[in-house]
Structures are given as C-alpha cells and as structure tokens.
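Asks: Dumping the structure here so I can ask a few things about it.
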Amino acid sequence: MKTAKCPKCDADITLADDCEVGEIISCDECSAELEVKQLEPEVILDDAPEVQEDWGE
Ligand SMILES: [Zn+2]
C-alpha cells in the first residue's frame with residue numbers, strides 16, 4: 001500500500017494499489033484534487049489542473 005502527503009494540508013493520503021500516474025485523487029482532509037505525478041521511487045502528488053465543468057450552453 002502506498003501513501004503520500006497532501007501538498008496542500010500535509011495529511012497522509014492512502015493510494016489504491018492499482019493507482020496509476022495521471023490519476024486524480026482527492027484529499028480526505030482538505031478535498032483538494034490531486035494528480036498522481038509519479039509513483040516510484042516515491043509518490044508525488046500535485047495540484048490537479050482545474051477542470052472546467054462547462055458542459056456547453
Ligand atoms: Zn489535503
């Protein structure tokens with residue numbers, strides 16, 4: 001099982017065993033959306049790009 005630190009609030013985040021680079025996860029503590037940048041040798045998380053929830057007009 002992999003764990004990482006939230007870059008926003010420093011909380012420990014547990015990643016799923018089948019987690020992949022590019023996956024977007026959210027922090028339980030601060031609800032930040034985080035993108036998995038790297039898994040080995042250590043997990044690196046970064047702010048996920050803002051998703052425009054614009055479904056058109
Ligand atoms: Zn957080």
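For the structure tokens, the naming scheme is as follows: chains receive sequential letters (A, B, ...) according to their order of presentation, residues are indexed from 1 within each chain, and ligands are indexed from 1 in presentation order.
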Select the residues contacting ligand 1 at a distance of at most 9 Å, based on only C-alpha atoms and all ligand atoms, then format the selection as a tab-separated table (two decimals) with C-alpha atoms, in the first residue's frame.

Replies:
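pocket.tsv written:
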```
chain	number	residue	atom	x	y	z
A	5	LYS	CA	1.45	13.56	1.69
A	6	CYS	CA	-1.11	16.06	0.56
A	7	PRO	CA	0.83	19.06	-0.80
A	8	LYS	CA	-1.93	21.33	0.44
A	9	CYS	CA	-2.51	20.27	4.03
A	10	ASP	CA	0.20	17.68	4.67
A	11	ALA	CA	-2.30	14.97	5.51
A	12	ASP	CA	-1.41	11.38	4.81
A	13	ILE	CA	-3.21	10.03	1.79
A	26	SER	CA	-8.85	13.85	-3.68
A	27	CYS	CA	-7.59	14.54	-0.21
A	28	ASP	CA	-9.93	13.44	2.55
A	29	GLU	CA	-8.79	16.28	4.76
A	30	CYS	CA	-8.99	19.34	2.53
A	31	SER	CA	-10.81	17.95	-0.52
A	32	ALA	CA	-8.02	19.11	-2.79
A	33	GLU	CA	-7.95	17.45	-6.19
A	34	LEU	CA	-4.51	15.98	-6.69
```

Asks: I'd like the neighbourhood of Cys19 (chain A) as a list in words, where a residue qualifies if any of its atoms comes within 10 Å (using only C-alpha atoms), though same-chain residues fewer than 6 positions away should be ignored.

Replies: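 After dropping sequence-adjacent residues, the list is Met1, Lys2, Ile25, Val36 and Leu39 of chain A.
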
Asks: Which of chain A counts as strand (DSSP E or B) under DSSP, as a list in words please?

Replies: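 Filtering chain A to strand (DSSP E or B) leaves Lys2, Thr3, Ala4, Lys5, Asp12, Ile13, Thr14, Leu15, Ile24, Ile25, Ser26, Glu33, Leu34, Glu35, Val36, Lys37, Gln38, Ile44, Leu45, Asp46 and Asp47 of chain A.
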
Asks: Please, could you write that set of residues out with C-alpha atoms as a PDB file, in the first residue's frame?

Replies:
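Wrote result_12.pdb, looks like this:
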```
ATOM      1  CA  LYS A   2       1.289   3.408  -0.939  1.00  0.00           C
ATOM      2  CA  THR A   3       0.902   6.585   0.975  1.00  0.00           C
ATOM      3  CA  ALA A   4       1.688  10.166   0.122  1.00  0.00           C
ATOM      4  CA  LYS A   5       1.447  13.561   1.691  1.00  0.00           C
ATOM      5  CA  ASP A  12      -1.409  11.378   4.806  1.00  0.00           C
ATOM      6  CA  ILE A  13      -3.205  10.034   1.789  1.00  0.00           C
ATOM      7  CA  THR A  14      -3.524   6.339   1.074  1.00  0.00           C
ATOM      8  CA  LEU A  15      -3.411   5.354  -2.546  1.00  0.00           C
ATOM      9  CA  ILE A  24      -6.783  12.238  -9.986  1.00  0.00           C
ATOM     10  CA  ILE A  25      -7.403  11.631  -6.329  1.00  0.00           C
ATOM     11  CA  SER A  26      -8.852  13.849  -3.678  1.00  0.00           C
ATOM     12  CA  GLU A  33      -7.946  17.447  -6.187  1.00  0.00           C
ATOM     13  CA  LEU A  34      -4.510  15.978  -6.689  1.00  0.00           C
ATOM     14  CA  GLU A  35      -2.881  14.400  -9.694  1.00  0.00           C
ATOM     15  CA  VAL A  36      -0.510  11.484  -9.270  1.00  0.00           C
ATOM     16  CA  LYS A  37       2.665  12.668 -10.946  1.00  0.00           C
ATOM     17  CA  GLN A  38       4.934   9.804 -10.013  1.00  0.00           C
ATOM     18  CA  ILE A  44       4.485  12.643  -5.862  1.00  0.00           C
ATOM     19  CA  LEU A  45       1.179  14.444  -5.887  1.00  0.00           C
ATOM     20  CA  ASP A  46       0.483  17.803  -7.424  1.00  0.00           C
ATOM     21  CA  ASP A  47      -2.483  20.065  -7.787  1.00  0.00           C
TER      22      ASP A  47
END
```
